[in-house]
file structure07.txt (compact mmCIF, C-alpha atoms and all ligand atoms)
# COMPACT_ATOMS: atom_id res chain seq x y z
CA PHE C 645 -29.75 -2.51 10.55
CA ARG C 646 -26.36 -4.11 10.48
CA VAL C 647 -24.91 -5.35 7.21
CA ARG C 648 -24.15 -9.05 6.89
CA SER C 649 -20.74 -9.70 5.47
CA LYS C 650 -18.64 -12.68 4.44
CA GLY C 651 -14.89 -12.51 4.39
CA TYR C 652 -11.65 -14.28 5.11
CA ALA C 653 -10.18 -13.73 8.55
CA ALA C 654 -7.13 -14.64 10.58
CA ARG C 655 -8.05 -16.24 13.91
CA ASP C 656 -4.59 -16.06 15.44
CA SER C 657 -1.07 -14.97 14.58
CA SER C 658 -0.34 -18.06 12.47
CA GLY C 659 -1.15 -15.95 9.42
CA ASN C 660 -3.65 -18.51 8.10
CA LEU C 661 -6.96 -17.13 6.91
CA GLY C 662 -10.33 -18.87 6.72
CA VAL C 663 -13.98 -18.08 6.02
CA TYR C 664 -15.63 -15.70 8.49
CA GLU C 665 -19.20 -14.45 8.54
CA PHE C 666 -19.75 -11.28 10.53
CA GLU C 667 -21.71 -8.05 10.73
CA ARG C 668 -20.72 -4.53 9.79
CA GLN C 669 -22.18 -1.30 11.16
CA PRO C 670 -25.43 -0.07 9.58
CA VAL C 671 -25.20 2.28 6.60
CA GLY C 672 -25.48 5.70 8.34
CA ASP C 673 -26.65 8.96 6.78
CA ASN C 674 -23.13 9.82 5.61
CA ASP C 675 -22.11 6.29 4.64
CA ILE C 676 -22.03 4.22 1.52
CA LEU C 677 -22.23 0.45 1.11
CA ILE C 678 -19.72 -0.97 -1.37
CA GLU C 679 -20.03 -4.35 -3.00
CA ILE C 680 -16.38 -5.33 -3.19
CA LYS C 681 -15.13 -6.62 -6.56
CA PHE C 682 -11.37 -6.69 -6.05
CA SER C 683 -9.03 -6.49 -3.10
CA GLY C 684 -5.24 -6.15 -3.30
CA VAL C 685 -2.88 -8.17 -1.11
CA CYS C 686 -0.44 -5.83 0.63
CA HIS C 687 2.59 -7.05 2.57
CA SER C 688 1.17 -5.00 5.48
CA ASP C 689 -1.74 -7.45 5.64
CA ILE C 690 0.76 -10.22 6.38
CA HIS C 691 2.75 -8.21 8.96
CA THR C 692 -0.52 -7.31 10.70
CA VAL C 693 -2.31 -10.66 10.86
CA LYS C 694 0.89 -12.29 12.10
CA GLY C 695 1.02 -9.80 14.95
CA GLU C 696 4.38 -8.43 13.80
CA TRP C 697 3.19 -4.86 14.37
CA GLY C 698 1.63 -5.62 17.75
CA ASP C 699 -1.17 -7.73 19.19
CA GLN C 700 -4.37 -7.93 17.19
CA LYS C 701 -7.98 -8.59 18.00
CA TYR C 702 -9.05 -11.73 16.14
CA PRO C 703 -10.90 -12.76 14.05
CA LEU C 704 -9.45 -10.10 11.78
CA VAL C 705 -10.25 -9.60 8.08
CA PRO C 706 -7.30 -7.82 6.42
CA GLY C 707 -7.33 -5.90 3.13
CA HIS C 708 -6.94 -2.19 2.40
CA GLU C 709 -6.81 -1.99 -1.39
CA ILE C 710 -10.53 -2.21 -2.00
CA ALA C 711 -12.41 -1.52 -5.23
CA GLY C 712 -16.09 -2.08 -5.87
CA ILE C 713 -19.49 -0.73 -6.74
CA VAL C 714 -21.75 1.42 -4.57
CA THR C 715 -24.96 -0.45 -3.76
CA ALA C 716 -26.53 1.86 -1.14
CA VAL C 717 -26.05 5.44 0.06
CA GLY C 718 -27.12 7.28 3.22
CA LYS C 719 -29.43 10.26 2.90
CA ASN C 720 -26.70 12.91 3.26
CA VAL C 721 -24.30 11.36 0.75
CA LYS C 722 -23.33 13.73 -2.08
CA LYS C 723 -20.19 12.28 -3.66
CA PHE C 724 -21.65 8.90 -4.70
CA LYS C 725 -24.77 7.36 -6.10
CA VAL C 726 -25.74 3.73 -6.46
CA GLY C 727 -23.76 2.15 -9.31
CA ASP C 728 -20.68 4.37 -8.96
CA HIS C 729 -17.24 2.82 -8.73
CA ALA C 730 -15.67 3.43 -5.34
CA GLY C 731 -12.43 2.54 -3.60
CA VAL C 732 -11.19 2.41 -0.03
CA GLY C 733 -7.55 2.44 1.01
CA CYS C 734 -5.94 2.16 4.42
CA MET C 735 -8.21 4.46 6.42
CA VAL C 736 -11.96 4.60 7.11
CA ASP C 737 -12.25 7.46 9.61
CA SER C 738 -10.42 10.15 11.60
CA CYS C 739 -11.37 13.04 13.91
CA GLY C 740 -11.77 15.50 11.03
CA SER C 741 -10.94 18.53 13.18
CA CYS C 742 -7.23 18.41 14.11
CA LYS C 743 -4.60 20.17 12.00
CA SER C 744 -3.55 17.01 10.15
CA CYS C 745 -7.14 16.16 9.22
CA LYS C 746 -7.82 19.74 8.11
CA ASP C 747 -4.70 19.56 5.95
CA GLY C 748 -5.99 16.38 4.31
CA LEU C 749 -3.38 14.25 6.10
CA GLN C 750 -5.80 11.96 7.91
CA GLN C 751 -3.10 9.32 8.36
CA TYR C 752 -1.46 11.59 10.92
CA CYS C 753 -4.70 12.41 12.80
CA GLU C 754 -3.82 13.63 16.30
CA LYS C 755 -6.67 11.62 17.84
CA GLY C 756 -5.61 8.46 16.00
CA THR C 757 -6.76 7.33 12.59
CA THR C 758 -9.32 4.54 12.25
CA MET C 759 -7.55 2.15 9.92
CA THR C 760 -9.54 0.02 7.47
CA TYR C 761 -8.87 -3.07 9.56
CA GLY C 762 -7.45 -3.74 12.99
CA THR C 763 -8.53 -0.55 14.80
CA LYS C 764 -10.37 -1.55 17.97
CA SER C 765 -13.60 0.38 18.53
CA GLU C 766 -17.03 -0.47 19.91
CA LYS C 767 -18.54 1.48 16.98
CA TYR C 768 -18.00 -1.67 14.94
CA PRO C 769 -20.06 -4.81 15.62
CA THR C 770 -17.02 -7.11 15.96
CA GLY C 771 -15.22 -4.57 18.19
CA VAL C 772 -12.59 -3.94 15.54
CA THR C 773 -12.59 -2.61 11.98
CA GLN C 774 -12.72 -5.39 9.36
CA GLY C 775 -11.05 -4.96 5.98
CA GLY C 776 -11.49 -5.76 2.36
CA TYR C 777 -11.02 -9.51 1.91
CA ALA C 778 -14.81 -9.58 2.02
CA ASN C 779 -17.87 -9.16 -0.13
CA ASN C 780 -18.85 -5.70 1.13
CA LEU C 781 -17.82 -2.71 3.21
CA VAL C 782 -19.60 0.22 4.90
CA VAL C 783 -17.64 3.48 4.92
CA THR C 784 -18.28 7.17 5.47
CA GLU C 785 -18.31 8.84 2.05
CA SER C 786 -15.45 11.19 2.88
CA PHE C 787 -13.08 8.21 3.16
CA ALA C 788 -14.19 6.63 -0.11
CA ILE C 789 -12.31 7.41 -3.31
CA LYS C 790 -13.94 7.87 -6.70
CA ILE C 791 -12.52 5.39 -9.19
CA PRO C 792 -12.27 7.01 -12.62
CA LYS C 793 -14.57 5.42 -15.19
CA ASN C 794 -11.72 4.65 -17.59
CA MET C 795 -9.82 2.59 -15.03
CA SER C 796 -10.71 -1.02 -14.27
CA LEU C 797 -11.52 -1.92 -10.68
CA GLN C 798 -8.73 -4.49 -10.53
CA ASP C 799 -6.16 -1.90 -11.67
CA ALA C 800 -7.50 0.67 -9.22
CA ALA C 801 -7.19 -1.56 -6.14
CA PRO C 802 -3.37 -1.55 -5.69
CA LEU C 803 -3.21 2.21 -6.17
CA LEU C 804 -5.21 2.71 -2.96
CA CYS C 805 -2.28 1.67 -0.76
CA ALA C 806 0.82 0.73 -2.78
CA GLY C 807 0.17 3.59 -5.22
CA VAL C 808 -0.42 6.41 -2.78
CA THR C 809 2.29 5.23 -0.35
CA THR C 810 4.93 5.71 -3.02
CA TYR C 811 3.31 8.67 -4.82
CA SER C 812 3.12 10.76 -1.65
CA PRO C 813 6.85 10.83 -0.77
CA LEU C 814 7.85 11.07 -4.45
CA MET C 815 5.71 14.19 -4.81
CA LYS C 816 6.98 15.63 -1.52
CA ALA C 817 10.53 15.20 -2.85
CA ASP C 818 9.55 16.91 -6.13
CA VAL C 819 10.80 13.98 -8.16
CA GLY C 820 10.97 14.90 -11.83
CA LYS C 821 13.15 15.62 -14.85
CA GLY C 822 16.87 15.73 -14.26
CA MET C 823 16.67 13.71 -11.06
CA LYS C 824 18.27 10.34 -10.42
CA VAL C 825 15.88 8.32 -8.27
CA GLY C 826 16.58 5.00 -6.55
CA VAL C 827 13.95 2.43 -5.62
CA ALA C 828 14.85 -0.50 -3.35
CA GLY C 829 12.65 -3.61 -3.14
CA ILE C 830 10.64 -4.13 -6.30
CA GLY C 831 7.38 -5.65 -5.15
CA GLY C 832 3.90 -4.13 -4.91
CA LEU C 833 5.06 -0.72 -3.72
CA GLY C 834 8.41 -0.66 -5.50
CA HIS C 835 7.13 -1.37 -9.00
CA LEU C 836 4.62 1.46 -8.68
CA ALA C 837 7.33 3.78 -7.34
CA ILE C 838 9.30 3.07 -10.53
CA LYS C 839 6.34 3.70 -12.84
CA ILE C 840 5.34 6.90 -11.08
CA ALA C 841 8.90 8.30 -10.95
CA VAL C 842 9.44 7.42 -14.64
CA SER C 843 6.15 9.13 -15.56
CA LYS C 844 7.41 12.29 -13.85
CA GLY C 845 10.53 12.24 -16.00
CA ALA C 846 13.05 10.95 -13.44
CA GLU C 847 15.92 8.60 -14.27
CA VAL C 848 15.22 5.53 -12.16
CA TYR C 849 17.72 3.08 -10.66
CA ALA C 850 16.09 -0.06 -9.31
CA PHE C 851 17.74 -2.12 -6.57
CA THR C 852 16.42 -5.67 -6.43
CA THR C 853 17.55 -8.89 -4.80
CA THR C 854 15.79 -10.99 -7.44
CA ASN C 855 17.66 -11.66 -10.65
CA ASP C 856 14.62 -12.75 -12.68
CA LYS C 857 12.87 -9.39 -12.18
CA VAL C 858 15.44 -7.49 -14.24
CA ASP C 859 13.66 -7.65 -17.62
CA ASP C 860 10.30 -6.65 -16.12
CA ILE C 861 11.86 -3.74 -14.25
CA LYS C 862 13.41 -2.42 -17.46
CA LYS C 863 9.95 -2.57 -19.05
CA PHE C 864 8.61 -0.45 -16.18
CA GLY C 865 11.01 2.21 -17.45
CA ALA C 866 13.98 1.92 -15.10
CA LYS C 867 17.23 3.11 -16.62
CA GLU C 868 19.34 0.61 -14.72
CA VAL C 869 18.63 -2.43 -12.57
CA ILE C 870 21.13 -3.39 -9.89
CA VAL C 871 20.86 -6.93 -8.55
CA VAL C 872 21.96 -6.66 -4.93
CA ASP C 873 22.91 -10.27 -4.22
CA ASP C 874 25.75 -8.81 -2.16
CA LEU C 875 25.93 -5.34 -0.58
CA SER C 876 29.20 -4.70 -2.44
CA LYS C 877 27.04 -4.33 -5.58
CA LEU C 878 26.01 -0.97 -4.16
CA ASP C 879 29.55 0.44 -4.17
CA ALA C 880 29.54 1.55 -7.80
CA HIS C 881 26.49 3.74 -7.15
CA LYS C 882 27.68 5.48 -3.99
CA GLY C 883 26.70 9.14 -3.80
CA THR C 884 25.00 9.17 -7.22
CA LEU C 885 21.28 9.53 -6.46
CA ASP C 886 19.25 12.64 -5.72
CA TYR C 887 16.53 10.69 -3.98
CA MET C 888 15.81 7.15 -2.90
CA ILE C 889 12.82 5.24 -1.54
CA SER C 890 13.06 1.87 0.19
CA THR C 891 10.17 -0.57 0.42
CA ILE C 892 12.27 -3.42 1.84
CA PRO C 893 10.00 -5.26 4.32
CA VAL C 894 12.74 -6.83 6.43
CA SER C 895 15.51 -5.45 8.63
CA TYR C 896 18.39 -4.38 6.44
CA ASP C 897 21.57 -2.31 6.52
CA LEU C 898 20.09 1.14 6.01
CA SER C 899 23.43 2.95 5.91
CA ALA C 900 24.59 0.87 2.94
CA TYR C 901 21.59 2.11 0.92
CA ILE C 902 21.63 5.67 2.29
CA ALA C 903 25.21 5.99 1.05
CA LEU C 904 23.84 5.81 -2.51
CA VAL C 905 22.29 9.26 -2.13
CA LYS C 906 24.24 12.48 -2.70
CA PRO C 907 24.92 14.70 0.32
CA ASN C 908 21.77 16.75 1.11
CA GLY C 909 19.64 14.37 -0.93
CA ASN C 910 16.56 12.67 0.50
CA TYR C 911 15.92 9.07 1.47
CA THR C 912 12.45 7.81 2.35
CA GLN C 913 11.78 4.60 4.26
CA VAL C 914 8.32 3.12 3.66
CA GLY C 915 9.02 -0.59 4.26
CA LEU C 916 7.88 -1.53 7.76
CA PRO C 917 9.66 -4.66 9.01
CA ALA C 918 8.77 -6.18 12.35
CA GLY C 919 12.08 -5.44 14.05
CA ASN C 920 14.33 -2.41 13.95
CA ILE C 921 16.34 -1.34 10.95
CA SER C 922 20.04 -1.12 11.68
CA PHE C 923 22.60 1.36 10.45
CA ASN C 924 26.23 2.15 10.86
CA ASN C 925 26.48 5.49 12.72
CA PHE C 926 29.56 6.69 10.90
CA ALA C 927 28.32 5.85 7.43
CA PHE C 928 24.97 7.45 8.25
CA ILE C 929 26.39 10.68 9.61
CA SER C 930 28.99 10.99 6.87
CA SER C 931 26.31 10.73 4.18
CA ARG C 932 24.61 14.04 5.14
CA VAL C 933 21.43 12.60 3.71
CA ASN C 934 17.99 13.73 4.87
CA PHE C 935 16.24 10.64 6.10
CA ASN C 936 12.48 10.47 6.49
CA GLY C 937 9.69 7.98 6.91
CA SER C 938 6.32 8.22 5.23
CA LEU C 939 2.94 6.70 6.05
CA ILE C 940 0.52 6.02 3.18
CA GLY C 941 -1.09 9.26 1.93
CA GLY C 942 -4.07 11.43 2.85
CA ILE C 943 -7.52 11.16 1.29
CA PRO C 944 -7.05 14.06 -1.20
CA GLU C 945 -3.72 12.60 -2.30
CA THR C 946 -5.28 9.14 -2.71
CA GLN C 947 -7.88 10.65 -5.04
CA GLU C 948 -5.06 12.45 -6.85
CA ILE C 949 -3.07 9.28 -7.56
CA LEU C 950 -6.15 7.49 -8.92
CA ASP C 951 -6.87 10.41 -11.24
CA TYR C 952 -3.20 10.79 -12.20
CA CYS C 953 -2.81 7.11 -13.08
CA ALA C 954 -6.08 7.07 -15.04
CA GLN C 955 -5.00 10.15 -17.04
CA ASN C 956 -1.49 8.89 -17.67
CA LYS C 957 -2.43 5.25 -18.19
CA ILE C 958 -0.23 4.01 -15.36
CA TYR C 959 -1.40 0.60 -14.25
CA PRO C 960 -0.06 -1.84 -11.69
CA GLU C 961 1.14 -5.27 -12.81
CA ILE C 962 -1.35 -7.60 -11.21
CA GLN C 963 -2.15 -11.27 -10.85
CA ILE C 964 -5.79 -12.05 -10.06
CA VAL C 965 -6.18 -14.77 -7.44
CA ASP C 966 -8.88 -16.84 -5.81
CA ILE C 967 -9.42 -16.17 -2.09
CA LYS C 968 -9.22 -19.92 -1.47
CA ASP C 969 -5.54 -19.75 -2.35
CA ILE C 970 -4.84 -16.87 0.03
CA ASN C 971 -2.56 -18.81 2.37
CA ASP C 972 -0.43 -19.90 -0.56
CA VAL C 973 -0.49 -16.34 -1.91
CA TYR C 974 0.89 -15.06 1.41
CA ASP C 975 3.75 -17.57 1.20
CA LYS C 976 4.51 -16.43 -2.33
CA VAL C 977 4.62 -12.76 -1.27
CA LEU C 978 7.09 -13.68 1.48
CA GLN C 979 9.20 -15.59 -1.06
CA LYS C 980 9.33 -12.49 -3.33
CA LYS C 981 7.26 -14.27 -5.97
CA ALA C 982 4.61 -11.56 -6.41
CA ARG C 983 4.68 -10.15 -9.98
CA TYR C 984 3.92 -7.57 -8.78
CA ARG C 985 0.64 -7.35 -6.87
CA TYR C 986 -1.78 -10.15 -6.12
CA VAL C 987 -5.40 -8.99 -6.34
CA ILE C 988 -8.23 -11.10 -4.93
CA ASP C 989 -11.28 -11.58 -7.13
CA ALA C 990 -14.05 -11.01 -4.59
CA LYS C 991 -16.41 -13.26 -6.58
CA THR C 992 -14.47 -16.16 -5.07
CA ILE C 993 -15.26 -15.11 -1.48
P1 LIG X 1001 6.23 -6.83 -1.40
O1 LIG X 1001 6.54 -8.08 -0.67
O2 LIG X 1001 5.32 -6.84 -2.55
O3 LIG X 1001 7.59 -6.15 -1.90
C1 LIG X 1001 8.71 -6.01 -1.09
C2 LIG X 1001 9.96 -6.25 -1.92
O4 LIG X 1001 11.09 -6.07 -1.05
C3 LIG X 1001 10.08 -7.65 -2.46
O5 LIG X 1001 9.43 -7.81 -3.68
C4 LIG X 1001 11.58 -7.77 -2.62
O6 LIG X 1001 11.98 -7.07 -3.79
C5 LIG X 1001 12.11 -6.99 -1.43
N1 LIG X 1001 12.39 -7.94 -0.33
C6 LIG X 1001 11.53 -8.80 0.23
N2 LIG X 1001 12.14 -9.56 1.14
C7 LIG X 1001 13.42 -9.15 1.15
C8 LIG X 1001 14.58 -9.55 1.88
N3 LIG X 1001 14.52 -10.56 2.76
N4 LIG X 1001 15.75 -8.90 1.64
C9 LIG X 1001 15.81 -7.91 0.72
N5 LIG X 1001 14.74 -7.51 -0.01
C10 LIG X 1001 13.58 -8.12 0.22
O7 LIG X 1001 5.70 -5.83 -0.27
P2 LIG X 1001 4.87 -4.46 -0.43
O8 LIG X 1001 5.42 -3.70 -1.54
O9 LIG X 1001 3.44 -4.76 -0.33
O10 LIG X 1001 5.26 -3.73 0.96
C11 LIG X 1001 6.60 -3.40 1.23
C12 LIG X 1001 6.75 -2.88 2.65
O11 LIG X 1001 6.12 -1.62 2.76
C13 LIG X 1001 6.10 -3.77 3.71
O12 LIG X 1001 6.92 -3.77 4.86
C14 LIG X 1001 4.81 -3.05 4.00
O13 LIG X 1001 4.26 -3.31 5.26
C15 LIG X 1001 5.25 -1.62 3.89
N6 LIG X 1001 4.19 -0.67 3.65
C16 LIG X 1001 4.34 0.55 4.23
C17 LIG X 1001 3.40 1.52 4.04
C18 LIG X 1001 3.62 2.86 4.63
O14 LIG X 1001 2.66 3.61 4.74
N7 LIG X 1001 4.82 3.23 4.97
C19 LIG X 1001 2.18 1.26 3.27
C20 LIG X 1001 2.17 -0.03 2.63
C21 LIG X 1001 3.12 -0.96 2.84
P3 LIG X 1001 13.18 -7.59 -4.71
O15 LIG X 1001 12.77 -8.96 -5.14
O16 LIG X 1001 13.18 -6.57 -5.77
O17 LIG X 1001 14.41 -7.57 -3.86
ZN ZN X 1002 -0.87 -1.63 2.18

call {"tool": "encode", "arguments": {"input": "structure07.txt", "output": "structure tokens"}}
result
Amino acid sequence: FRVRSKGYAARDSSGNLGVYEFERQPVGDNDILIEIKFSGVCHSDIHTVKGEWGDQKYPLVPGHEIAGIVTAVGKNVKKFKVGDHAGVGCMVDSCGSCKSCKDGLQQYCEKGTTMTYGTKSEKYPTGVTQGGYANNLVVTESFAIKIPKNMSLQDAAPLLCAGVTTYSPLMKADVGKGMKVGVAGIGGLGHLAIKIAVSKGAEVYAFTTTNDKVDDIKKFGAKEVIVVDDLSKLDAHKGTLDYMISTIPVSYDLSAYIALVKPNGNYTQVGLPAGNISFNNFAFISSRVNFNGSLIGGIPETQEILDYCAQNKIYPEIQIVDIKDINDVYDKVLQKKARYRYVIDAKTI
């Protein structure tokens, strides 16, 4: 039988959320039921519910940084038992048989990944997947992550999207000792990028537009913080970095930031603004920088970042919030007031 669920949903592209009672698919033989305890607020939730990434099917419950406790398991489930701590990130299903899926890169599934919320499919009672701003979630066990016992559920939540989205490209770029690494946009993703790069031994340069974040960012381990209140502040750092990652969630002058990287260095864009990102052709071509984008991380890599952070005591900076304040929380994220990830206490749902 279907699982009754209570969450907070957007009903239109205004971005305002309100209470929504709905049903989830039954707990199948390979599924687990998670009682959600904490749910992180990702900037992607805001882009999505506002329709900035395309039209949505409403009502839509966002949330893809989900941590909770297993309360039921299907008969084939091996990885979890009732009482275990489990997490769910941005994906809940994929084909499982294409090359990307076989390589553990389910986010690039050739048949299309089923995202945690917003993927339209008649397999789900509301006709669309519903995310983690809710009291429970049904998911196939292979898309659930084991949360290490020595990590709190509220600390685990942001790692499931913000953590793996920055960890994955940093690992692909082999960030480590002797490397100068830039991070642009120090919010949910950016602050974890700094902590992860620092933990790997890199020298980190943080580029922020918010003056009052400087002291915090130094505490995260950055060697230098550059307050970019004007693009000319970038000039002194031109051609100095081996690698850079940008989480900036609005359109910005990409070439001005790319120019910070040494020729043949790498630059990863993870921020996903609604419009296009602009760049100056000549500055871009003259930089000889390898530019790439990166989408979250696969399931094995998501497990890896949880285990890595638990072992190395890397925790996100979080502020626990009441779901009733979610509309205000969204405004604060947009105003760059998050310090550094809001996490919803699911008790308040
Ligand atoms: P946050 O809002 O927490 O952080 C973004 C940071 O970017 C802000 O804290 C701010 O940092 C900076 N910023 C915000 N607005 C502006 C602006 N107008 N001009 C310049 N800088 C600005 O967002 P998240 O970290 O949650 O997400 C960041 C982006 O990454 C979003 O677009 C999100 O959708 C995307 N994303 C992409 C994923 C992927 O797979 N590629 C996965 C998850 C998220 P500061 O104050 O330091 O300047
Ligand atoms: Zn996210």

call {"tool": "residues_around", "arguments": {"input": "structure07.txt", "residues": "range 877-880 of chain C", "least_positions_apart": "4", "cutoff": "9 Å", "atoms": "only C-alpha atoms", "output": "number ranges by chain"}}
result
C: 851, 870-873, 884, 900-901, 903-904

call {"tool": "residues_around", "arguments": {"input": "structure07.txt", "residues": "Ile964 in chain C", "least_positions_apart": "6", "cutoff": "10 Å", "atoms": "only C-alpha atoms", "output": "list in words"}}
result
Phe682, Ser683, Gly684, Gln798, Arg985, Tyr986, Val987, Ile988, Asp989 and Ala990 of chain C

call {"tool": "closest_residue", "arguments": {"input": "structure07.txt", "among": "C:Lys767, C:Lys746, C:His708, C:Lys906", "to": "ligand ZN 1002 (chain X)", "atoms": "only C-alpha atoms and all ligand atoms"}}
result
C:His708

call {"tool": "residues_near_ligand", "arguments": {"input": "structure07.txt", "ligand": "ligand LIG 1001 (chain X)", "cutoff": "6 Å", "atoms": "all atoms listed in the file", "output": "MDAnalysis selection string"}}
result
chainID C and resid 686:688 805:806 809 829:834 852:854 891:894 914:917 938:940 977 980

call {"tool": "closest_residue", "arguments": {"input": "structure07.txt", "among": "C:Asn956, C:Ser843, C:Gln750, C:Asn779", "to": "Thr992 in chain C", "atoms": "only C-alpha atoms"}}
result
C:Asn779

call {"tool": "residues_around", "arguments": {"input": "structure07.txt", "residues": "Ser931 in chain C", "least_positions_apart": "2", "cutoff": "12 Å", "atoms": "all atoms listed in the file", "output": "VMD selection string"}}
result
chain C and resid 882 to 885 898 to 911 923 to 929 933 to 935

call {"tool": "atom_distance", "arguments": {"input": "structure07.txt", "atom1": "CA of Ala653 in chain C", "atom2": "CA of His691 in chain C"}}
result
14.1 Å

call {"tool": "residues_around", "arguments": {"input": "structure07.txt", "residues": "Ala918 in chain C", "least_positions_apart": "6", "cutoff": "10 Å", "atoms": "all atoms listed in the file", "output": "list in words"}}
result
His691, Thr692, Lys694, Gly695, Glu696, Trp697, Gly698, Pro893, Val894 and Ser895 of chain C

call {"tool": "atom_distance", "arguments": {"input": "structure07.txt", "atom1": "CA of Gly731 in chain C", "atom2": "CA of Val848 in chain C"}}
result
29.1 Å

call {"tool": "closest_residue", "arguments": {"input": "structure07.txt", "among": "C:Ile962, C:Cys953, C:Ile690, C:Ile680", "to": "Thr715 in chain C", "atoms": "all atoms listed in the file"}}
result
C:Ile680

call {"tool": "decode", "arguments": {"input": "structure07.txt", "residues": "range 933-939 of chain C", "atoms": "all heavy atoms", "output": "mmCIF file, in the first residue's frame"}}
result
data_model
loop_
_atom_site.group_PDB
_atom_site.id
_atom_site.type_symbol
_atom_site.label_atom_id
_atom_site.label_comp_id
_atom_site.auth_asym_id
_atom_site.auth_seq_id
_atom_site.Cartn_x
_atom_site.Cartn_y
_atom_site.Cartn_z
ATOM 1 N N VAL C 933 42.795 27.610 -20.688
ATOM 2 C CA VAL C 933 42.339 26.852 -19.519
ATOM 3 C C VAL C 933 41.356 25.780 -19.977
ATOM 4 O O VAL C 933 40.567 25.997 -20.896
ATOM 5 C CB VAL C 933 41.688 27.816 -18.501
ATOM 6 C CG1 VAL C 933 40.936 27.056 -17.414
ATOM 7 C CG2 VAL C 933 42.761 28.701 -17.880
ATOM 8 N N ASN C 934 41.417 24.613 -19.331
ATOM 9 C CA ASN C 934 40.445 23.550 -19.599
ATOM 10 C C ASN C 934 39.204 23.834 -18.785
ATOM 11 O O ASN C 934 39.253 23.863 -17.554
ATOM 12 C CB ASN C 934 41.014 22.192 -19.201
ATOM 13 C CG ASN C 934 42.254 21.873 -19.998
ATOM 14 O OD1 ASN C 934 42.230 21.876 -21.223
ATOM 15 N ND2 ASN C 934 43.354 21.644 -19.296
ATOM 16 N N PHE C 935 38.117 24.034 -19.477
ATOM 17 C CA PHE C 935 36.868 24.386 -18.814
ATOM 18 C C PHE C 935 35.946 23.172 -18.807
ATOM 19 O O PHE C 935 35.774 22.515 -19.833
ATOM 20 C CB PHE C 935 36.204 25.540 -19.578
ATOM 21 C CG PHE C 935 34.868 25.919 -19.027
ATOM 22 C CD1 PHE C 935 34.773 26.586 -17.819
ATOM 23 C CD2 PHE C 935 33.701 25.589 -19.699
ATOM 24 C CE1 PHE C 935 33.527 26.927 -17.294
ATOM 25 C CE2 PHE C 935 32.466 25.933 -19.178
ATOM 26 C CZ PHE C 935 32.372 26.605 -17.978
ATOM 27 N N ASN C 936 35.382 22.850 -17.654
ATOM 28 C CA ASN C 936 34.404 21.766 -17.640
ATOM 29 C C ASN C 936 33.268 22.053 -16.669
ATOM 30 O O ASN C 936 33.402 22.872 -15.763
ATOM 31 C CB ASN C 936 35.068 20.422 -17.303
ATOM 32 C CG ASN C 936 35.433 20.293 -15.854
ATOM 33 O OD1 ASN C 936 36.380 20.908 -15.377
ATOM 34 N ND2 ASN C 936 34.658 19.532 -15.126
ATOM 35 N N GLY C 937 32.163 21.386 -16.909
ATOM 36 C CA GLY C 937 31.037 21.445 -15.983
ATOM 37 C C GLY C 937 30.999 20.146 -15.213
ATOM 38 O O GLY C 937 31.671 19.176 -15.573
ATOM 39 N N SER C 938 30.243 20.117 -14.133
ATOM 40 C CA SER C 938 30.155 18.883 -13.363
ATOM 41 C C SER C 938 28.797 18.820 -12.684
ATOM 42 O O SER C 938 28.318 19.822 -12.153
ATOM 43 C CB SER C 938 31.286 18.832 -12.328
ATOM 44 O OG SER C 938 31.362 17.557 -11.739
ATOM 45 N N LEU C 939 28.180 17.654 -12.768
ATOM 46 C CA LEU C 939 26.841 17.457 -12.199
ATOM 47 C C LEU C 939 26.936 16.506 -11.004
ATOM 48 O O LEU C 939 27.391 15.376 -11.161
ATOM 49 C CB LEU C 939 25.924 16.876 -13.288
ATOM 50 C CG LEU C 939 24.486 16.548 -12.907
ATOM 51 C CD1 LEU C 939 23.741 17.793 -12.465
ATOM 52 C CD2 LEU C 939 23.779 15.891 -14.087
#
